[in-house]
file coords.tsv (TSV, C-alpha atoms)
chain	number	residue	atom	x	y	z
A	1	MET	CA	202.23	-76.53	-113.40
A	2	ARG	CA	204.08	-78.12	-110.39
A	3	PRO	CA	206.38	-81.07	-110.91
A	4	ARG	CA	204.89	-84.43	-109.94
A	5	PHE	CA	207.62	-85.16	-107.33
A	6	PHE	CA	206.86	-81.85	-105.57
A	7	THR	CA	203.22	-82.72	-105.34
A	8	ASN	CA	203.98	-86.15	-103.96
A	9	ASN	CA	206.44	-84.72	-101.45
A	10	LEU	CA	203.90	-82.15	-100.33
A	11	ARG	CA	201.38	-84.90	-99.67
A	12	SER	CA	203.92	-86.85	-97.68
A	13	VAL	CA	204.78	-83.82	-95.58
A	14	THR	CA	201.11	-83.10	-95.04
A	15	LEU	CA	200.43	-86.66	-93.93
A	16	LEU	CA	203.47	-86.57	-91.66
A	17	LEU	CA	202.35	-83.32	-90.02
A	18	ALA	CA	198.86	-84.71	-89.53
A	19	ALA	CA	200.30	-87.80	-87.90
A	20	LEU	CA	202.54	-85.75	-85.63
A	21	LEU	CA	199.67	-83.51	-84.59
A	22	ALA	CA	197.42	-86.48	-83.88
A	23	ALA	CA	200.10	-88.42	-81.96
A	24	PRO	CA	199.85	-86.55	-78.58
A	25	SER	CA	196.08	-87.09	-78.54
A	26	ALA	CA	196.52	-90.80	-79.16
A	27	VAL	CA	199.17	-91.03	-76.49
A	28	GLY	CA	196.95	-89.13	-74.07
A	29	CYS	CA	194.04	-91.48	-74.71
A	30	ALA	CA	196.26	-94.46	-74.16
A	31	ALA	CA	197.54	-92.96	-70.90
A	32	GLU	CA	194.02	-92.23	-69.71
A	33	ALA	CA	192.92	-95.74	-70.52
A	34	THR	CA	195.65	-97.23	-68.39
A	35	ALA	CA	195.40	-94.62	-65.60
A	36	ALA	CA	191.63	-94.76	-65.21
A	37	PRO	CA	191.58	-97.80	-62.88
A	38	GLU	CA	194.18	-96.08	-60.66
A	39	ASP	CA	191.85	-93.11	-60.18
A	40	VAL	CA	189.38	-95.36	-58.23
A	41	LYS	CA	191.04	-95.88	-54.84
A	42	PRO	CA	190.88	-99.46	-53.55
A	43	ALA	CA	190.06	-98.07	-50.08
A	44	THR	CA	186.96	-96.24	-51.26
A	45	VAL	CA	184.58	-99.10	-50.33
A	46	ALA	CA	186.14	-99.50	-46.88
A	47	GLU	CA	186.07	-95.78	-46.13
A	48	ALA	CA	182.27	-95.58	-45.73
A	49	PRO	CA	182.14	-97.69	-42.56
A	50	ALA	CA	185.05	-95.68	-41.20
A	51	ALA	CA	182.98	-92.53	-41.56
A	52	GLU	CA	180.07	-94.22	-39.76
A	53	HIS	CA	182.31	-95.20	-36.84
A	54	ASP	CA	183.48	-91.61	-36.60
A	55	ASP	CA	179.87	-90.56	-35.94
A	56	GLU	CA	179.31	-93.10	-33.15
A	57	GLU	CA	179.69	-92.37	-29.46
A	58	PRO	CA	182.85	-93.88	-28.00
A	59	SER	CA	182.11	-97.21	-26.31
A	60	ALA	CA	182.25	-97.39	-22.51
A	61	PRO	CA	185.17	-99.22	-20.96
A	62	PRO	CA	184.35	-102.84	-20.03
A	63	THR	CA	183.31	-103.55	-16.46
A	64	PHE	CA	184.18	-106.71	-14.58
A	65	ALA	CA	181.90	-108.31	-11.98
A	66	PRO	CA	183.52	-109.79	-8.88
A	67	PRO	CA	184.09	-113.54	-9.10
A	68	PRO	CA	181.05	-115.55	-7.96
A	69	LYS	CA	181.08	-117.19	-4.58
A	70	PRO	CA	181.88	-120.90	-4.83
A	71	ALA	CA	178.73	-122.91	-5.39
A	72	ASP	CA	179.84	-125.34	-2.70
A	73	ASP	CA	181.86	-124.07	0.25
A	74	PRO	CA	181.78	-126.56	3.14
A	75	GLY	CA	184.27	-124.67	5.25
A	76	PRO	CA	187.42	-125.98	6.92
A	77	ALA	CA	187.88	-129.61	7.81
A	78	PRO	CA	187.50	-130.48	11.52
A	79	SER	CA	190.51	-130.14	13.78
A	80	GLY	CA	189.48	-133.25	15.73
A	81	CYS	CA	188.35	-133.96	19.26
A	82	THR	CA	188.50	-136.70	21.87
A	83	ASP	CA	186.30	-138.06	24.64
A	84	ILE	CA	183.56	-139.49	22.44
A	85	THR	CA	181.87	-142.47	24.05
A	86	LYS	CA	178.79	-143.80	22.27
A	87	ASP	CA	175.99	-145.68	23.99
A	88	LYS	CA	174.44	-148.85	22.56
A	89	ASP	CA	172.25	-146.81	20.20
A	90	GLY	CA	175.10	-144.66	18.90
A	91	PHE	CA	174.37	-141.49	20.88
A	92	PHE	CA	177.04	-139.60	22.79
A	93	LYS	CA	177.12	-136.48	24.96
A	94	ARG	CA	179.51	-133.53	24.82
A	95	LYS	CA	179.77	-130.35	26.86
A	96	THR	CA	180.58	-126.76	25.86
A	97	ALA	CA	181.12	-123.71	28.04
A	98	LYS	CA	177.41	-122.89	27.54
A	99	SER	CA	175.67	-126.27	27.94
A	100	ASP	CA	175.84	-129.94	27.14
A	101	TYR	CA	174.34	-131.54	24.04
A	102	VAL	CA	173.57	-135.01	22.68
A	103	ALA	CA	174.86	-136.11	19.26
A	104	PHE	CA	174.40	-138.90	16.74
A	105	VAL	CA	176.68	-139.51	13.74
A	106	PRO	CA	175.30	-141.74	10.96
A	107	LYS	CA	176.96	-145.00	10.02
A	108	SER	CA	177.51	-143.64	6.52
A	109	TYR	CA	179.77	-140.84	7.74
A	110	ALA	CA	183.25	-141.22	6.19
A	111	GLY	CA	184.81	-137.83	6.82
A	112	GLU	CA	183.06	-135.99	3.97
A	113	PRO	CA	181.22	-132.66	4.51
A	114	THR	CA	177.85	-133.63	5.99
A	115	THR	CA	174.51	-131.95	6.77
A	116	LEU	CA	173.94	-131.11	10.43
A	117	VAL	CA	170.46	-131.02	12.01
A	118	VAL	CA	170.34	-129.02	15.25
A	119	GLY	CA	167.41	-129.95	17.49
A	120	MET	CA	165.69	-127.94	20.25
A	121	HIS	CA	163.15	-129.86	22.34
A	122	GLY	CA	159.83	-128.63	23.68
A	123	CYS	CA	158.95	-127.59	27.24
A	124	GLY	CA	159.41	-130.44	29.71
A	125	ASP	CA	161.41	-132.65	27.34
A	126	THR	CA	165.14	-133.43	27.45
A	127	ALA	CA	167.93	-133.17	24.91
A	128	TYR	CA	168.49	-136.93	24.86
A	129	ASN	CA	164.83	-137.82	24.50
A	130	PHE	CA	164.26	-135.36	21.65
A	131	ALA	CA	167.31	-136.71	19.88
A	132	THR	CA	165.86	-140.23	19.92
A	133	TRP	CA	162.41	-139.36	18.51
A	134	GLY	CA	162.97	-136.05	16.69
A	135	VAL	CA	166.30	-135.37	14.98
A	136	ALA	CA	167.64	-138.96	14.94
A	137	PRO	CA	164.46	-141.04	15.17
A	138	TYR	CA	164.54	-144.81	15.53
A	139	LYS	CA	162.67	-145.65	12.31
A	140	THR	CA	165.26	-144.06	10.02
A	141	ARG	CA	168.31	-143.98	12.28
A	142	GLN	CA	170.13	-146.80	10.52
A	143	THR	CA	169.88	-145.13	7.12
A	144	GLN	CA	169.99	-141.42	7.95
A	145	LYS	CA	172.61	-139.31	6.19
A	146	HIS	CA	172.82	-136.29	8.51
A	147	ILE	CA	174.67	-135.65	11.75
A	148	ALA	CA	172.19	-134.78	14.50
A	149	ILE	CA	172.64	-132.87	17.74
A	150	SER	CA	170.06	-132.01	20.38
A	151	ILE	CA	170.87	-129.02	22.57
A	152	GLY	CA	170.91	-129.43	26.35
A	153	GLY	CA	170.98	-127.00	29.21
A	154	LYS	CA	167.19	-126.62	29.41
A	155	ASP	CA	166.08	-130.15	30.24
A	156	GLY	CA	162.59	-130.15	31.74
A	157	THR	CA	161.99	-126.45	31.01
A	158	CYS	CA	161.25	-124.09	28.11
A	159	TRP	CA	163.70	-122.15	25.95
A	160	ASP	CA	164.33	-118.44	26.20
A	161	ALA	CA	164.48	-117.38	22.54
A	162	SER	CA	166.66	-114.38	23.41
A	163	ALA	CA	169.04	-115.78	26.04
A	164	ASP	CA	169.62	-119.34	24.82
A	165	VAL	CA	170.99	-118.71	21.32
A	166	ASP	CA	174.58	-119.02	22.54
A	167	LYS	CA	173.90	-122.56	23.78
A	168	VAL	CA	172.99	-123.54	20.24
A	169	THR	CA	175.86	-121.78	18.48
A	170	ALA	CA	178.40	-123.19	20.96
A	171	ALA	CA	177.21	-126.74	20.30
A	172	ILE	CA	177.39	-126.21	16.53
A	173	ALA	CA	180.95	-124.94	16.84
A	174	ASP	CA	181.96	-127.87	19.04
A	175	ILE	CA	180.54	-130.66	16.84
A	176	SER	CA	182.16	-128.95	13.83
A	177	LYS	CA	185.55	-129.52	15.46
A	178	CYS	CA	184.85	-133.23	15.82
A	179	PHE	CA	183.20	-134.03	12.48
A	180	TYR	CA	183.10	-132.42	9.06
A	181	VAL	CA	179.93	-130.32	9.24
A	182	HIS	CA	179.12	-128.67	5.92
A	183	GLN	CA	178.83	-125.01	6.90
A	184	GLN	CA	176.23	-124.32	4.21
A	185	LYS	CA	174.07	-127.24	5.34
A	186	ILE	CA	173.22	-126.54	8.97
A	187	VAL	CA	169.49	-126.98	9.61
A	188	LEU	CA	167.68	-125.75	12.73
A	189	ALA	CA	164.92	-128.04	14.02
A	190	GLY	CA	162.49	-127.30	16.83
A	191	TYR	CA	159.37	-128.64	18.48
A	192	SER	CA	157.02	-126.28	20.38
A	193	SER	CA	159.22	-123.97	22.51
A	194	GLY	CA	162.24	-125.19	20.57
A	195	GLY	CA	160.50	-124.21	17.35
A	196	ILE	CA	160.22	-120.60	18.50
A	197	LEU	CA	163.98	-120.59	19.16
A	198	ALA	CA	164.65	-122.17	15.75
A	199	TYR	CA	162.58	-119.51	14.02
A	200	ARG	CA	164.27	-116.72	15.98
A	201	MET	CA	167.72	-117.93	14.95
A	202	GLY	CA	166.98	-118.88	11.36
A	203	LEU	CA	165.20	-115.61	10.51
A	204	ALA	CA	167.72	-113.34	12.23
A	205	PRO	CA	169.62	-110.78	10.11
A	206	GLY	CA	172.96	-112.20	9.08
A	207	ALA	CA	171.97	-115.81	9.77
A	208	SER	CA	173.30	-118.35	7.26
A	209	TYR	CA	171.47	-121.54	8.13
A	210	ALA	CA	170.26	-123.83	5.35
A	211	GLY	CA	166.74	-124.21	6.67
A	212	ILE	CA	164.27	-124.55	9.54
A	213	LEU	CA	162.20	-127.61	10.50
A	214	ILE	CA	159.21	-126.95	12.76
A	215	GLU	CA	156.64	-129.16	14.49
A	216	ASN	CA	153.72	-127.67	16.46
A	217	SER	CA	155.13	-124.20	17.03
A	218	ALA	CA	154.94	-120.57	15.88
A	219	LEU	CA	157.04	-117.59	14.85
A	220	GLY	CA	157.01	-116.07	18.32
A	221	GLY	CA	158.71	-112.70	17.91
A	222	ALA	CA	160.63	-113.64	14.76
A	223	SER	CA	160.12	-111.42	11.71
A	224	PRO	CA	160.38	-113.04	8.25
A	225	ASP	CA	161.06	-109.62	6.73
A	226	ARG	CA	164.39	-109.43	8.55
A	227	ALA	CA	165.73	-112.78	7.29
A	228	ALA	CA	169.19	-112.61	5.73
A	229	TRP	CA	168.01	-114.69	2.78
A	230	LYS	CA	164.94	-116.61	1.59
A	231	ILE	CA	165.64	-119.49	3.93
A	232	ASN	CA	163.98	-122.88	3.45
A	233	VAL	CA	161.20	-123.66	5.93
A	234	ALA	CA	159.12	-126.82	6.49
A	235	HIS	CA	156.41	-126.54	9.15
A	236	ILE	CA	153.96	-129.24	10.19
A	237	ALA	CA	151.02	-128.41	12.47
A	238	HIS	CA	148.36	-130.52	14.19
A	239	VAL	CA	144.81	-129.33	13.68
A	240	GLY	CA	143.87	-130.21	17.28
A	241	ASP	CA	146.80	-128.37	18.87
A	242	THR	CA	145.43	-125.99	21.51
A	243	THR	CA	148.86	-124.65	22.51
A	244	PHE	CA	149.51	-123.38	19.00
A	245	PRO	CA	146.03	-123.21	17.41
A	246	LEU	CA	145.90	-123.75	13.67
A	247	ALA	CA	144.52	-120.26	13.00
A	248	ARG	CA	147.55	-118.70	14.68
A	249	VAL	CA	149.90	-120.98	12.76
A	250	GLN	CA	148.20	-120.18	9.46
A	251	ALA	CA	148.61	-116.47	10.18
A	252	ASP	CA	152.34	-117.09	10.64
A	253	TRP	CA	152.45	-119.03	7.38
A	254	ALA	CA	150.88	-116.07	5.61
A	255	LYS	CA	153.63	-113.79	6.98
A	256	LEU	CA	156.33	-116.16	5.78
A	257	GLU	CA	154.84	-116.40	2.31
A	258	ALA	CA	154.32	-112.63	2.09
A	259	ALA	CA	158.05	-112.21	2.81
A	260	GLY	CA	158.93	-114.60	-0.01
A	261	ILE	CA	160.13	-117.39	2.27
A	262	PRO	CA	159.90	-120.76	0.46
A	263	LEU	CA	157.54	-122.44	2.92
A	264	GLN	CA	156.44	-126.07	2.83
A	265	LYS	CA	153.48	-126.50	5.16
A	266	SER	CA	151.23	-129.30	6.33
A	267	ALA	CA	148.28	-129.49	8.72
A	268	VAL	CA	147.51	-133.02	9.91
A	269	ALA	CA	145.34	-134.66	12.53
A	270	GLY	CA	146.61	-134.64	16.10
A	271	THR	CA	146.99	-132.64	19.29
A	272	HIS	CA	150.01	-130.75	20.62
A	273	GLU	CA	151.73	-134.07	21.26
A	274	GLY	CA	154.70	-134.47	18.91
A	275	THR	CA	155.13	-137.61	16.82
A	276	SER	CA	158.24	-139.27	15.48
A	277	ASP	CA	156.46	-139.97	12.20
A	278	ASP	CA	156.18	-136.24	11.57
A	279	TRP	CA	159.97	-136.18	11.49
A	280	THR	CA	160.75	-139.42	9.67
A	281	ASP	CA	158.00	-139.20	7.06
A	282	TRP	CA	157.66	-135.49	6.36
A	283	LEU	CA	160.12	-133.08	7.98
A	284	LEU	CA	163.56	-134.69	7.70
A	285	PRO	CA	163.19	-135.76	4.03
A	286	LYS	CA	162.85	-132.08	3.10
A	287	ILE	CA	166.47	-131.25	3.88
A	288	ALA	CA	168.11	-133.35	1.16
A	289	ALA	CA	168.73	-130.42	-1.21
A	290	TRP	CA	168.82	-127.55	1.31
A	291	LYS	CA	171.90	-125.35	1.30
A	292	ALA	CA	172.60	-121.78	2.38
A	293	PRO	CA	174.07	-119.39	-0.22
call {"tool": "encode", "arguments": {"input": "coords.tsv", "output": "structure tokens"}}
result
Amino acid sequence: MRPRFFTNNLRSVTLLLAALLAAPSAVGCAAEATAAPEDVKPATVAEAPAAEHDDEEPSAPPTFAPPPKPADDPGPAPSGCTDITKDKDGFFKRKTAKSDYVAFVPKSYAGEPTTLVVGMHGCGDTAYNFATWGVAPYKTRQTQKHIAISIGGKDGTCWDASADVDKVTAAIADISKCFYVHQQKIVLAGYSSGGILAYRMGLAPGASYAGILIENSALGGASPDRAAWKINVAHIAHVGDTTFPLARVQADWAKLEAAGIPLQKSAVAGTHEGTSDDWTDWLLPKIAAWKAP
């Protein structure tokens, strides 16, 4: 029979050994409990998109378009000129190396860039006469906003659409030295023979006119397909005109429209005789918003 103290001591030792053997497991559990959150990397959620980006094709380098052309570019201010003597109606005449021309500057002109209407008369007419009833007509002369010139050098005769272009361009250059002509707002205007010249110039490759005004005329040899841009055109025809019959004019209109030219057209009663009302009431009002690119 063992002594009681030995038995008690044996139990104590047994309990102590059991505790010591169990202690590492308890410590390990505690360590795992605290370490478990560290095993989940904070970057794990963000890594999935990174893998997706790795599969994508590399993006192309950005391209840069050239800066757009200014929406409004009137060109340089005039250098100035002398020898301007107006008659009682406000018209004056100037001369270039190619021909003379007649001009009218509106009362509203104050040195700002201004629209220019360039007139070419019909066969037998004169530059001065066409200026007074066509491009600067009496009925609206006091309130008109545009500068008007009527090209000379062919008074009493017809224009040569091939040989007379330099007369027109020289006059435009000269008036632009005297007054501030907006270089994007130069409008060609022609009656009959002058209309053929206006079409030839306005539809030429490289031309940069704002528009073309036509009364009782036709395309002549001009080709709308060769125009530098979709230039504005307003054309009025008289149904009784035997010089430029309406059927011929309508065929020209069809060519203009087929080429995408923004054509405004009108066929009204009358013969080949031009009328000032065609200009004051229908043609000239069209130019208010016209501008070349």
call {"tool": "atom_distance", "arguments": {"input": "coords.tsv", "atom1": "CA of Ser162 in chain A", "atom2": "CA of Ser276 in chain A"}}
result
27.4 Å
call {"tool": "closest_residue", "arguments": {"input": "coords.tsv", "among": "A:Val239, A:Ala251, A:Leu197, A:Ala189", "to": "Asp166 in chain A", "atoms": "all atoms listed in the file"}}
result
A:Leu197
call {"tool": "atom_distance", "arguments": {"input": "coords.tsv", "atom1": "CA of Gly190 in chain A", "atom2": "CA of Lys88 in chain A"}}
result
25.3 Å
call {"tool": "residues_around", "arguments": {"input": "coords.tsv", "residues": "Tyr199 in chain A", "least_positions_apart": "6", "cutoff": "10 Å", "atoms": "all atoms listed in the file", "output": "VMD selection string"}}
result
chain A and resid 161 188 to 190 211 to 214 217 to 224 233
call {"tool": "residues_around", "arguments": {"input": "coords.tsv", "residues": "range 106-122 of chain A", "least_positions_apart": "3", "cutoff": "8 Å", "atoms": "only C-alpha atoms", "output": "PyMOL selection string"}}
result
chain A and resi 74+125-127+130-131+134-135+141-151+157-159+168+172+179-182+185-195+197-198
call {"tool": "write_last_selection", "arguments": {"input": "coords.tsv", "atoms": "C-alpha atoms", "output": "short mmCIF file (atom, residue, chain, number, x, y, z; two decimals), keeping the file's coordinate frame"}}
result
data_model
loop_
_atom_site.label_atom_id
_atom_site.label_comp_id
_atom_site.auth_asym_id
_atom_site.auth_seq_id
_atom_site.Cartn_x
_atom_site.Cartn_y
_atom_site.Cartn_z
CA PRO A 74 181.78 -126.56 3.14
CA ASP A 125 161.41 -132.65 27.34
CA THR A 126 165.14 -133.43 27.45
CA ALA A 127 167.93 -133.17 24.91
CA PHE A 130 164.26 -135.36 21.65
CA ALA A 131 167.31 -136.71 19.88
CA GLY A 134 162.97 -136.05 16.69
CA VAL A 135 166.30 -135.37 14.98
CA ARG A 141 168.31 -143.98 12.28
CA GLN A 142 170.13 -146.80 10.52
CA THR A 143 169.88 -145.13 7.12
CA GLN A 144 169.99 -141.42 7.95
CA LYS A 145 172.61 -139.31 6.19
CA HIS A 146 172.82 -136.29 8.51
CA ILE A 147 174.67 -135.65 11.75
CA ALA A 148 172.19 -134.78 14.50
CA ILE A 149 172.64 -132.87 17.74
CA SER A 150 170.06 -132.01 20.38
CA ILE A 151 170.87 -129.02 22.57
CA THR A 157 161.99 -126.45 31.01
CA CYS A 158 161.25 -124.09 28.11
CA TRP A 159 163.70 -122.15 25.95
CA VAL A 168 172.99 -123.54 20.24
CA ILE A 172 177.39 -126.21 16.53
CA PHE A 179 183.20 -134.03 12.48
CA TYR A 180 183.10 -132.42 9.06
CA VAL A 181 179.93 -130.32 9.24
CA HIS A 182 179.12 -128.67 5.92
CA LYS A 185 174.07 -127.24 5.34
CA ILE A 186 173.22 -126.54 8.97
CA VAL A 187 169.49 -126.98 9.61
CA LEU A 188 167.68 -125.75 12.73
CA ALA A 189 164.92 -128.04 14.02
CA GLY A 190 162.49 -127.30 16.83
CA TYR A 191 159.37 -128.64 18.48
CA SER A 192 157.02 -126.28 20.38
CA SER A 193 159.22 -123.97 22.51
CA GLY A 194 162.24 -125.19 20.57
CA GLY A 195 160.50 -124.21 17.35
CA LEU A 197 163.98 -120.59 19.16
CA ALA A 198 164.65 -122.17 15.75
#
call {"tool": "decode", "arguments": {"input": "coords.tsv", "residues": "range 191-222 of chain A", "atoms": "C-alpha atoms", "output": "PDB file, in the first residue's frame"}}
result
ATOM      1  CA  TYR A 191     -25.217  89.541-115.283  1.00  0.00           C
ATOM      2  CA  SER A 192     -25.325  87.720-118.656  1.00  0.00           C
ATOM      3  CA  SER A 193     -21.753  87.692-120.041  1.00  0.00           C
ATOM      4  CA  GLY A 194     -20.515  88.825-116.636  1.00  0.00           C
ATOM      5  CA  GLY A 195     -22.293  85.866-115.067  1.00  0.00           C
ATOM      6  CA  ILE A 196     -20.287  83.432-117.190  1.00  0.00           C
ATOM      7  CA  LEU A 197     -17.083  85.093-115.956  1.00  0.00           C
ATOM      8  CA  ALA A 198     -18.328  84.964-112.348  1.00  0.00           C
ATOM      9  CA  TYR A 199     -19.067  81.255-112.651  1.00  0.00           C
ATOM     10  CA  ARG A 200     -15.684  80.576-114.273  1.00  0.00           C
ATOM     11  CA  MET A 201     -13.841  82.289-111.422  1.00  0.00           C
ATOM     12  CA  GLY A 202     -15.942  81.055-108.519  1.00  0.00           C
ATOM     13  CA  LEU A 203     -15.879  77.394-109.590  1.00  0.00           C
ATOM     14  CA  ALA A 204     -12.181  77.314-110.466  1.00  0.00           C
ATOM     15  CA  PRO A 205      -9.892  74.938-108.533  1.00  0.00           C
ATOM     16  CA  GLY A 206      -8.249  76.780-105.680  1.00  0.00           C
ATOM     17  CA  ALA A 207     -10.756  79.647-105.696  1.00  0.00           C
ATOM     18  CA  SER A 208     -11.726  80.942-102.248  1.00  0.00           C
ATOM     19  CA  TYR A 209     -14.644  83.260-102.937  1.00  0.00           C
ATOM     20  CA  ALA A 210     -17.598  83.314-100.545  1.00  0.00           C
ATOM     21  CA  GLY A 211     -20.253  82.983-103.217  1.00  0.00           C
ATOM     22  CA  ILE A 212     -21.617  83.741-106.683  1.00  0.00           C
ATOM     23  CA  LEU A 213     -24.627  85.904-107.594  1.00  0.00           C
ATOM     24  CA  ILE A 214     -26.050  85.394-111.084  1.00  0.00           C
ATOM     25  CA  GLU A 215     -28.795  87.063-113.118  1.00  0.00           C
ATOM     26  CA  ASN A 216     -29.804  85.768-116.573  1.00  0.00           C
ATOM     27  CA  SER A 217     -26.683  83.769-117.363  1.00  0.00           C
ATOM     28  CA  ALA A 218     -25.238  80.245-117.535  1.00  0.00           C
ATOM     29  CA  LEU A 219     -22.268  78.123-116.523  1.00  0.00           C
ATOM     30  CA  GLY A 220     -20.513  78.559-119.853  1.00  0.00           C
ATOM     31  CA  GLY A 221     -17.493  76.283-119.669  1.00  0.00           C
ATOM     32  CA  ALA A 222     -17.323  76.217-115.863  1.00  0.00           C
TER      33      ALA A 222
END
